[in-house]
file final.cif (mmCIF, N, CA and C atoms)
data_run
loop_
_atom_site.label_atom_id
_atom_site.label_comp_id
_atom_site.auth_asym_id
_atom_site.auth_seq_id
_atom_site.Cartn_x
_atom_site.Cartn_y
_atom_site.Cartn_z
N MET A 21 -7.91 -46.96 73.68
CA MET A 21 -7.68 -47.97 74.70
C MET A 21 -8.02 -49.34 74.14
N ALA A 22 -7.18 -50.29 74.31
CA ALA A 22 -7.38 -51.63 73.79
C ALA A 22 -8.43 -52.36 74.62
N ALA A 23 -9.15 -53.25 73.94
CA ALA A 23 -10.16 -54.05 74.63
C ALA A 23 -9.46 -55.05 75.54
N ARG A 24 -10.08 -55.32 76.67
CA ARG A 24 -9.49 -56.26 77.62
C ARG A 24 -10.13 -57.62 77.46
N GLY A 25 -9.39 -58.63 77.86
CA GLY A 25 -9.90 -59.98 77.81
C GLY A 25 -9.84 -60.58 76.42
N ARG A 26 -10.36 -61.79 76.33
CA ARG A 26 -10.37 -62.47 75.04
C ARG A 26 -11.50 -61.93 74.17
N PRO A 27 -11.32 -61.99 72.86
CA PRO A 27 -12.41 -61.54 71.99
C PRO A 27 -13.60 -62.49 72.07
N ARG A 28 -14.77 -61.94 71.84
CA ARG A 28 -15.99 -62.74 71.89
C ARG A 28 -15.94 -63.81 70.81
N THR A 29 -16.32 -65.03 71.16
CA THR A 29 -16.28 -66.14 70.20
C THR A 29 -17.68 -66.66 69.89
N PHE A 30 -18.68 -65.83 70.09
CA PHE A 30 -20.04 -66.24 69.78
C PHE A 30 -20.79 -65.08 69.16
N GLU A 31 -21.86 -65.39 68.49
CA GLU A 31 -22.70 -64.39 67.83
C GLU A 31 -23.73 -63.90 68.84
N LYS A 32 -23.62 -62.63 69.22
CA LYS A 32 -24.45 -62.06 70.28
C LYS A 32 -25.94 -62.16 69.94
N ASP A 33 -26.33 -61.85 68.70
CA ASP A 33 -27.75 -61.89 68.33
C ASP A 33 -28.31 -63.31 68.40
N ALA A 34 -27.51 -64.28 67.96
CA ALA A 34 -27.96 -65.68 68.03
C ALA A 34 -28.08 -66.14 69.48
N ALA A 35 -27.15 -65.72 70.32
CA ALA A 35 -27.21 -66.08 71.74
C ALA A 35 -28.44 -65.46 72.40
N LEU A 36 -28.75 -64.22 72.04
CA LEU A 36 -29.92 -63.56 72.60
C LEU A 36 -31.21 -64.25 72.14
N GLU A 37 -31.26 -64.66 70.89
CA GLU A 37 -32.41 -65.42 70.37
C GLU A 37 -32.59 -66.71 71.16
N THR A 38 -31.49 -67.39 71.43
CA THR A 38 -31.56 -68.62 72.22
C THR A 38 -32.03 -68.34 73.64
N ALA A 39 -31.55 -67.28 74.23
CA ALA A 39 -32.00 -66.91 75.58
C ALA A 39 -33.50 -66.60 75.56
N MET A 40 -33.96 -65.89 74.53
CA MET A 40 -35.38 -65.58 74.41
C MET A 40 -36.21 -66.87 74.40
N MET A 41 -35.80 -67.81 73.58
CA MET A 41 -36.55 -69.07 73.48
C MET A 41 -36.52 -69.84 74.80
N THR A 42 -35.39 -69.80 75.49
CA THR A 42 -35.26 -70.51 76.76
C THR A 42 -36.17 -69.88 77.83
N PHE A 43 -36.12 -68.57 77.96
CA PHE A 43 -36.99 -67.89 78.91
C PHE A 43 -38.47 -68.09 78.54
N TRP A 44 -38.78 -68.01 77.27
CA TRP A 44 -40.16 -68.14 76.80
C TRP A 44 -40.70 -69.53 77.17
N GLN A 45 -39.89 -70.54 76.99
CA GLN A 45 -40.33 -71.90 77.26
C GLN A 45 -40.42 -72.20 78.76
N ARG A 46 -39.47 -71.68 79.54
CA ARG A 46 -39.38 -72.07 80.94
C ARG A 46 -39.83 -71.01 81.93
N GLY A 47 -39.88 -69.73 81.49
CA GLY A 47 -40.21 -68.65 82.40
C GLY A 47 -38.96 -68.12 83.08
N PHE A 48 -39.06 -66.95 83.66
CA PHE A 48 -37.90 -66.32 84.29
C PHE A 48 -37.41 -67.10 85.49
N GLU A 49 -38.30 -67.39 86.43
CA GLU A 49 -37.86 -68.02 87.68
C GLU A 49 -37.36 -69.44 87.48
N GLU A 50 -37.93 -70.15 86.52
CA GLU A 50 -37.53 -71.54 86.30
C GLU A 50 -36.27 -71.68 85.45
N THR A 51 -35.79 -70.58 84.90
CA THR A 51 -34.59 -70.61 84.07
C THR A 51 -33.40 -70.13 84.88
N GLY A 52 -32.44 -70.99 85.07
CA GLY A 52 -31.24 -70.62 85.81
C GLY A 52 -30.14 -70.16 84.87
N VAL A 53 -29.15 -69.51 85.42
CA VAL A 53 -28.00 -69.06 84.63
C VAL A 53 -27.33 -70.27 83.98
N ASP A 54 -27.23 -71.38 84.70
CA ASP A 54 -26.64 -72.59 84.11
C ASP A 54 -27.43 -73.06 82.90
N ASP A 55 -28.76 -72.99 82.98
CA ASP A 55 -29.60 -73.36 81.84
C ASP A 55 -29.30 -72.46 80.64
N LEU A 56 -29.16 -71.17 80.92
CA LEU A 56 -28.91 -70.20 79.85
C LEU A 56 -27.56 -70.42 79.18
N VAL A 57 -26.50 -70.55 79.97
CA VAL A 57 -25.18 -70.71 79.35
C VAL A 57 -25.09 -72.03 78.58
N ARG A 58 -25.74 -73.05 79.07
CA ARG A 58 -25.76 -74.33 78.36
C ARG A 58 -26.50 -74.18 77.02
N ALA A 59 -27.67 -73.56 77.05
CA ALA A 59 -28.46 -73.38 75.83
C ALA A 59 -27.76 -72.45 74.84
N MET A 60 -27.16 -71.38 75.35
CA MET A 60 -26.53 -70.38 74.50
C MET A 60 -25.14 -70.81 74.02
N GLY A 61 -24.56 -71.81 74.67
CA GLY A 61 -23.24 -72.28 74.29
C GLY A 61 -22.13 -71.30 74.62
N ILE A 62 -22.29 -70.58 75.73
CA ILE A 62 -21.29 -69.60 76.15
C ILE A 62 -20.92 -69.84 77.61
N SER A 63 -19.89 -69.17 78.06
CA SER A 63 -19.50 -69.29 79.47
C SER A 63 -20.31 -68.32 80.33
N THR A 64 -20.32 -68.58 81.60
CA THR A 64 -21.01 -67.69 82.53
C THR A 64 -20.41 -66.29 82.49
N SER A 65 -19.10 -66.20 82.42
CA SER A 65 -18.46 -64.88 82.36
C SER A 65 -18.83 -64.14 81.08
N SER A 66 -18.98 -64.86 79.97
CA SER A 66 -19.42 -64.22 78.72
C SER A 66 -20.85 -63.72 78.83
N LEU A 67 -21.71 -64.49 79.48
CA LEU A 67 -23.09 -64.04 79.68
C LEU A 67 -23.10 -62.72 80.45
N TYR A 68 -22.40 -62.69 81.58
CA TYR A 68 -22.41 -61.49 82.42
C TYR A 68 -21.74 -60.30 81.73
N SER A 69 -20.61 -60.54 81.06
CA SER A 69 -19.90 -59.41 80.44
C SER A 69 -20.64 -58.88 79.22
N THR A 70 -21.41 -59.72 78.53
CA THR A 70 -22.11 -59.29 77.32
C THR A 70 -23.51 -58.78 77.61
N PHE A 71 -24.23 -59.46 78.48
CA PHE A 71 -25.64 -59.15 78.69
C PHE A 71 -25.97 -58.58 80.07
N GLY A 72 -25.03 -58.62 81.00
CA GLY A 72 -25.34 -58.20 82.36
C GLY A 72 -25.84 -59.39 83.15
N ASP A 73 -26.65 -59.13 84.16
CA ASP A 73 -27.17 -60.23 84.97
C ASP A 73 -28.36 -60.91 84.30
N LYS A 74 -28.91 -61.91 84.96
CA LYS A 74 -30.02 -62.68 84.41
C LYS A 74 -31.22 -61.79 84.11
N GLU A 75 -31.52 -60.86 84.99
CA GLU A 75 -32.66 -59.96 84.77
C GLU A 75 -32.45 -59.08 83.54
N ALA A 76 -31.26 -58.54 83.38
CA ALA A 76 -30.97 -57.71 82.21
C ALA A 76 -31.07 -58.53 80.92
N LEU A 77 -30.58 -59.76 80.96
CA LEU A 77 -30.69 -60.65 79.80
C LEU A 77 -32.16 -60.94 79.51
N PHE A 78 -32.93 -61.21 80.54
CA PHE A 78 -34.36 -61.47 80.36
C PHE A 78 -35.07 -60.28 79.71
N LEU A 79 -34.78 -59.08 80.20
CA LEU A 79 -35.42 -57.89 79.63
C LEU A 79 -34.99 -57.67 78.18
N SER A 80 -33.73 -57.95 77.86
CA SER A 80 -33.27 -57.86 76.47
C SER A 80 -33.96 -58.90 75.60
N ALA A 81 -34.12 -60.11 76.14
CA ALA A 81 -34.82 -61.17 75.40
C ALA A 81 -36.28 -60.79 75.18
N LEU A 82 -36.89 -60.18 76.16
CA LEU A 82 -38.28 -59.75 76.04
C LEU A 82 -38.42 -58.62 75.00
N ASP A 83 -37.45 -57.70 74.98
CA ASP A 83 -37.45 -56.65 73.96
C ASP A 83 -37.32 -57.27 72.57
N LEU A 84 -36.45 -58.27 72.45
CA LEU A 84 -36.30 -58.97 71.16
C LEU A 84 -37.62 -59.62 70.76
N TYR A 85 -38.27 -60.28 71.69
CA TYR A 85 -39.56 -60.91 71.41
C TYR A 85 -40.56 -59.87 70.90
N GLN A 86 -40.66 -58.76 71.60
CA GLN A 86 -41.65 -57.74 71.23
C GLN A 86 -41.34 -57.10 69.88
N SER A 87 -40.08 -57.05 69.49
CA SER A 87 -39.74 -56.43 68.21
C SER A 87 -39.73 -57.43 67.06
N THR A 88 -39.85 -58.72 67.36
CA THR A 88 -39.82 -59.74 66.31
C THR A 88 -41.08 -60.60 66.36
N ARG A 89 -41.03 -61.67 67.09
CA ARG A 89 -42.14 -62.64 67.09
C ARG A 89 -43.43 -62.11 67.69
N GLY A 90 -43.34 -61.17 68.60
CA GLY A 90 -44.54 -60.61 69.22
C GLY A 90 -45.02 -59.33 68.58
N HIS A 91 -44.39 -58.92 67.50
CA HIS A 91 -44.71 -57.65 66.87
C HIS A 91 -45.99 -57.68 66.03
N TYR A 92 -46.53 -58.84 65.78
CA TYR A 92 -47.69 -58.94 64.89
C TYR A 92 -48.89 -58.17 65.41
N ILE A 93 -49.02 -58.01 66.71
CA ILE A 93 -50.17 -57.30 67.26
C ILE A 93 -50.19 -55.85 66.78
N GLU A 94 -49.06 -55.17 66.93
CA GLU A 94 -48.98 -53.78 66.50
C GLU A 94 -49.21 -53.66 65.00
N ALA A 95 -48.63 -54.57 64.23
CA ALA A 95 -48.78 -54.53 62.78
C ALA A 95 -50.24 -54.69 62.37
N VAL A 96 -50.95 -55.59 63.02
CA VAL A 96 -52.37 -55.80 62.71
C VAL A 96 -53.18 -54.57 63.07
N LEU A 97 -52.95 -54.04 64.26
CA LEU A 97 -53.73 -52.89 64.72
C LEU A 97 -53.49 -51.66 63.86
N GLU A 98 -52.27 -51.46 63.40
CA GLU A 98 -51.96 -50.30 62.58
C GLU A 98 -52.52 -50.43 61.16
N GLY A 99 -52.62 -51.67 60.66
CA GLY A 99 -53.03 -51.87 59.28
C GLY A 99 -54.52 -52.06 59.05
N ALA A 100 -55.30 -52.19 60.10
CA ALA A 100 -56.72 -52.48 59.94
C ALA A 100 -57.52 -51.20 59.71
N GLY A 101 -58.56 -51.31 58.90
CA GLY A 101 -59.41 -50.16 58.61
C GLY A 101 -60.44 -49.90 59.70
N SER A 102 -60.87 -50.93 60.39
CA SER A 102 -61.88 -50.77 61.43
C SER A 102 -61.53 -51.66 62.61
N ALA A 103 -62.20 -51.42 63.73
CA ALA A 103 -61.97 -52.24 64.91
C ALA A 103 -62.36 -53.69 64.63
N ARG A 104 -63.43 -53.89 63.91
CA ARG A 104 -63.87 -55.25 63.58
C ARG A 104 -62.81 -55.98 62.75
N GLU A 105 -62.28 -55.29 61.73
CA GLU A 105 -61.22 -55.89 60.91
C GLU A 105 -59.98 -56.18 61.75
N ALA A 106 -59.64 -55.25 62.63
CA ALA A 106 -58.46 -55.42 63.46
C ALA A 106 -58.58 -56.67 64.34
N PHE A 107 -59.70 -56.82 65.01
CA PHE A 107 -59.86 -57.97 65.90
C PHE A 107 -60.00 -59.27 65.13
N GLN A 108 -60.65 -59.24 63.99
CA GLN A 108 -60.75 -60.45 63.18
C GLN A 108 -59.36 -60.89 62.74
N SER A 109 -58.58 -59.95 62.22
CA SER A 109 -57.21 -60.28 61.80
C SER A 109 -56.36 -60.71 62.99
N LEU A 110 -56.51 -60.02 64.08
CA LEU A 110 -55.72 -60.34 65.27
C LEU A 110 -56.00 -61.76 65.75
N PHE A 111 -57.25 -62.15 65.81
CA PHE A 111 -57.58 -63.50 66.26
C PHE A 111 -57.04 -64.55 65.29
N GLU A 112 -57.13 -64.29 64.00
CA GLU A 112 -56.62 -65.25 63.02
C GLU A 112 -55.11 -65.39 63.12
N ILE A 113 -54.42 -64.26 63.17
CA ILE A 113 -52.96 -64.30 63.22
C ILE A 113 -52.49 -64.85 64.57
N ALA A 114 -53.13 -64.43 65.65
CA ALA A 114 -52.74 -64.91 66.97
C ALA A 114 -52.92 -66.43 67.08
N ALA A 115 -53.99 -66.96 66.52
CA ALA A 115 -54.22 -68.40 66.56
C ALA A 115 -53.05 -69.14 65.91
N PHE A 116 -52.54 -68.58 64.82
CA PHE A 116 -51.38 -69.19 64.17
C PHE A 116 -50.10 -68.96 64.98
N GLU A 117 -49.82 -67.71 65.32
CA GLU A 117 -48.56 -67.35 65.98
C GLU A 117 -48.40 -68.01 67.34
N LEU A 118 -49.46 -68.09 68.10
CA LEU A 118 -49.35 -68.61 69.47
C LEU A 118 -49.32 -70.13 69.55
N THR A 119 -49.48 -70.79 68.40
CA THR A 119 -49.47 -72.26 68.39
C THR A 119 -48.45 -72.82 67.41
N ARG A 120 -47.53 -71.99 66.93
CA ARG A 120 -46.52 -72.45 65.97
C ARG A 120 -45.69 -73.58 66.57
N ARG A 121 -45.29 -74.51 65.72
CA ARG A 121 -44.49 -75.65 66.18
C ARG A 121 -43.02 -75.30 66.37
N ASP A 122 -42.57 -74.19 65.78
CA ASP A 122 -41.16 -73.84 65.84
C ASP A 122 -40.82 -72.89 66.99
N GLN A 123 -41.74 -72.73 67.91
CA GLN A 123 -41.48 -71.85 69.05
C GLN A 123 -42.36 -72.28 70.22
N PRO A 124 -42.04 -71.82 71.42
CA PRO A 124 -42.90 -72.15 72.57
C PRO A 124 -44.32 -71.60 72.35
N LYS A 125 -45.27 -72.22 72.96
CA LYS A 125 -46.67 -71.82 72.82
C LYS A 125 -46.96 -70.57 73.65
N GLY A 126 -47.92 -69.78 73.20
CA GLY A 126 -48.37 -68.63 73.96
C GLY A 126 -47.53 -67.38 73.71
N CYS A 127 -47.90 -66.33 74.41
CA CYS A 127 -47.24 -65.03 74.31
C CYS A 127 -46.19 -64.92 75.41
N MET A 128 -44.95 -64.66 75.04
CA MET A 128 -43.88 -64.57 76.03
C MET A 128 -44.17 -63.50 77.07
N LEU A 129 -44.69 -62.37 76.64
CA LEU A 129 -44.97 -61.27 77.57
C LEU A 129 -46.06 -61.66 78.56
N ALA A 130 -47.10 -62.31 78.08
CA ALA A 130 -48.20 -62.70 78.96
C ALA A 130 -47.77 -63.82 79.92
N LEU A 131 -46.92 -64.71 79.45
CA LEU A 131 -46.51 -65.85 80.26
C LEU A 131 -45.28 -65.57 81.13
N ALA A 132 -44.64 -64.43 80.93
CA ALA A 132 -43.35 -64.16 81.54
C ALA A 132 -43.33 -64.35 83.04
N MET A 133 -44.22 -63.71 83.76
CA MET A 133 -44.23 -63.79 85.22
C MET A 133 -45.59 -63.42 85.77
N PRO A 134 -46.58 -64.23 85.54
CA PRO A 134 -47.88 -63.87 86.09
C PRO A 134 -47.85 -63.81 87.61
N THR A 135 -47.03 -64.64 88.21
CA THR A 135 -46.80 -64.60 89.65
C THR A 135 -45.30 -64.77 89.86
N CYS A 136 -44.82 -64.27 90.94
CA CYS A 136 -43.39 -64.44 91.23
C CYS A 136 -43.16 -64.23 92.72
N SER A 137 -41.97 -64.58 93.14
CA SER A 137 -41.62 -64.40 94.54
C SER A 137 -41.53 -62.91 94.86
N PRO A 138 -41.72 -62.52 96.10
CA PRO A 138 -41.65 -61.11 96.49
C PRO A 138 -40.30 -60.46 96.15
N ASP A 139 -39.25 -61.25 96.08
CA ASP A 139 -37.92 -60.71 95.73
C ASP A 139 -37.89 -60.13 94.32
N LEU A 140 -38.81 -60.55 93.47
CA LEU A 140 -38.81 -60.12 92.07
C LEU A 140 -39.88 -59.09 91.77
N GLU A 141 -40.39 -58.43 92.76
CA GLU A 141 -41.47 -57.46 92.57
C GLU A 141 -41.06 -56.33 91.62
N GLN A 142 -39.83 -55.86 91.69
CA GLN A 142 -39.38 -54.79 90.80
C GLN A 142 -39.41 -55.25 89.34
N LEU A 143 -38.99 -56.48 89.08
CA LEU A 143 -39.04 -57.01 87.72
C LEU A 143 -40.49 -57.17 87.27
N ARG A 144 -41.33 -57.66 88.15
CA ARG A 144 -42.75 -57.82 87.79
C ARG A 144 -43.37 -56.47 87.46
N SER A 145 -42.99 -55.42 88.18
CA SER A 145 -43.49 -54.08 87.88
C SER A 145 -43.07 -53.63 86.48
N LYS A 146 -41.83 -53.92 86.11
CA LYS A 146 -41.36 -53.59 84.76
C LYS A 146 -42.19 -54.33 83.71
N LEU A 147 -42.47 -55.60 83.97
CA LEU A 147 -43.27 -56.38 83.03
C LEU A 147 -44.70 -55.85 82.94
N ASN A 148 -45.25 -55.47 84.07
CA ASN A 148 -46.60 -54.91 84.05
C ASN A 148 -46.66 -53.62 83.23
N ARG A 149 -45.61 -52.80 83.28
CA ARG A 149 -45.56 -51.59 82.44
C ARG A 149 -45.49 -51.96 80.97
N LYS A 150 -44.70 -52.98 80.63
CA LYS A 150 -44.61 -53.43 79.24
C LYS A 150 -45.97 -53.97 78.77
N ARG A 151 -46.65 -54.70 79.62
CA ARG A 151 -47.98 -55.22 79.26
C ARG A 151 -48.96 -54.08 79.04
N ALA A 152 -48.92 -53.08 79.91
CA ALA A 152 -49.82 -51.93 79.77
C ALA A 152 -49.55 -51.18 78.47
N LEU A 153 -48.28 -51.02 78.12
CA LEU A 153 -47.96 -50.36 76.86
C LEU A 153 -48.47 -51.17 75.67
N SER A 154 -48.33 -52.48 75.76
CA SER A 154 -48.81 -53.35 74.69
C SER A 154 -50.33 -53.26 74.55
N LEU A 155 -51.02 -53.25 75.68
CA LEU A 155 -52.49 -53.15 75.64
C LEU A 155 -52.96 -51.77 75.19
N GLY A 156 -52.11 -50.77 75.34
CA GLY A 156 -52.46 -49.42 74.91
C GLY A 156 -52.79 -49.34 73.44
N GLY A 157 -52.24 -50.23 72.63
CA GLY A 157 -52.54 -50.25 71.20
C GLY A 157 -53.99 -50.55 70.89
N PHE A 158 -54.68 -51.18 71.80
CA PHE A 158 -56.08 -51.53 71.60
C PHE A 158 -57.01 -50.35 71.88
N VAL A 159 -56.52 -49.32 72.51
CA VAL A 159 -57.38 -48.23 72.97
C VAL A 159 -57.31 -47.00 72.08
N LYS A 160 -56.63 -47.07 70.98
CA LYS A 160 -56.47 -45.90 70.11
C LYS A 160 -57.76 -45.40 69.55
#
call {"tool": "encode", "arguments": {"input": "final.cif", "output": "structure tokens"}}
result
Amino acid sequence: MAARGRPRTFEKDAALETAMMTFWQRGFEETGVDDLVRAMGISTSSLYSTFGDKEALFLSALDLYQSTRGHYIEAVLEGAGSAREAFQSLFEIAAFELTRRDQPKGCMLALAMPTCSPDLEQLRSKLNRKRALSLGGFVK
């Protein structure tokens, strides 16, 4: 079956990286679809057909963050010989990573939605599960 519509004219991975940075800087609720399409350089229909709705795009961007820029936590915890070494390395690396000039400040997962409107409770629950999984690495 032939593909319908026009072929994609943008790089999906680059667009997702841009969405990640936009959400990270502004947060979920403060980032509108118009903000995203403007930053990503794509049309609204391309956003929806490629990534789904805003929530699906946000969750994909958060997954990208956790597998790339936010992955240092797992790497440090897995590579340390002792708890003391792990926390010492973690504090040193986190101080650098969370204050880099080439990205928004702080941890995207921690800053994502500390509070939100009641309409977004299901999304906040998903984020709380992701946070719990991330914190699980400290309890090994």
call {"tool": "residues_around", "arguments": {"input": "final.cif", "residues": "Phe107 (chain A)", "least_positions_apart": "5", "cutoff": "9 Å", "atoms": "only C-alpha atoms", "output": "ChimeraX atom specification"}}
result
/A:96-97,100,102,112
call {"tool": "residues_around", "arguments": {"input": "final.cif", "residues": "Lys32 (chain A)", "least_positions_apart": "5", "cutoff": "8 Å", "atoms": "all atoms listed in the file", "output": "VMD selection string"}}
result
chain A and resid 37 to 38 70
call {"tool": "select_by_dssp", "arguments": {"input": "final.cif", "residues": "chain A", "states": "helix (DSSP H, G or I)", "output": "ChimeraX atom specification"}}
result
/A:32-46,53-60,64-71,74-87,92-99,103-117,128-131,138-159
call {"tool": "residues_around", "arguments": {"input": "final.cif", "residues": "region 45-52 of chain A", "least_positions_apart": "2", "cutoff": "6.5 Å", "atoms": "all atoms listed in the file", "output": "list in words"}}
result
Met40, Met41, Thr42, Phe43, Asp54, Asp55, Leu56, Val57, Pro124, Leu131, Ala132 and Met133 of chain A
call {"tool": "atom_distance", "arguments": {"input": "final.cif", "atom1": "atom N of Gly99 (chain A)", "atom2": "atom N of Leu84 (chain A)"}}
result
21.1 Å
call {"tool": "atom_distance", "arguments": {"input": "final.cif", "atom1": "atom C of Asp122 (chain A)", "atom2": "atom C of Leu36 (chain A)"}}
result
13.9 Å
call {"tool": "closest_residue", "arguments": {"input": "final.cif", "among": "A:Arg89, A:Ser63, A:Arg151, A:Ala35", "to": "Ala130 (chain A)", "atoms": "all atoms listed in the file"}}
result
A:Arg151
call {"tool": "closest_residue", "arguments": {"input": "final.cif", "among": "A:Ser109, A:Val53, A:Glu75, A:Leu82", "to": "Leu143 (chain A)", "atoms": "only C-alpha atoms"}}
result
A:Glu75
call {"tool": "atom_distance", "arguments": {"input": "final.cif", "atom1": "atom C of Ala59 (chain A)", "atom2": "atom C of Trp44 (chain A)"}}
result
13.5 Å
call {"tool": "closest_residue", "arguments": {"input": "final.cif", "among": "A:Leu153, A:Lys74, A:Phe30, A:Arg144", "to": "Ile62 (chain A)", "atoms": "all atoms listed in the file"}}
result
A:Phe30
call {"tool": "residues_around", "arguments": {"input": "final.cif", "residues": "Gly90 (chain A)", "least_positions_apart": "4", "cutoff": "8 Å", "atoms": "all atoms listed in the file", "output": "list of chain:residue names"}}
result
A:Leu84, A:Tyr85, A:Gln86, A:Glu94, A:Ala95, A:Cys127, A:Met128, A:Leu129
call {"tool": "closest_residue", "arguments": {"input": "final.cif", "among": "A:Phe78, A:Glu31, A:Asp83, A:Tyr92", "to": "Ser66 (chain A)", "atoms": "only C-alpha atoms"}}
result
A:Glu31
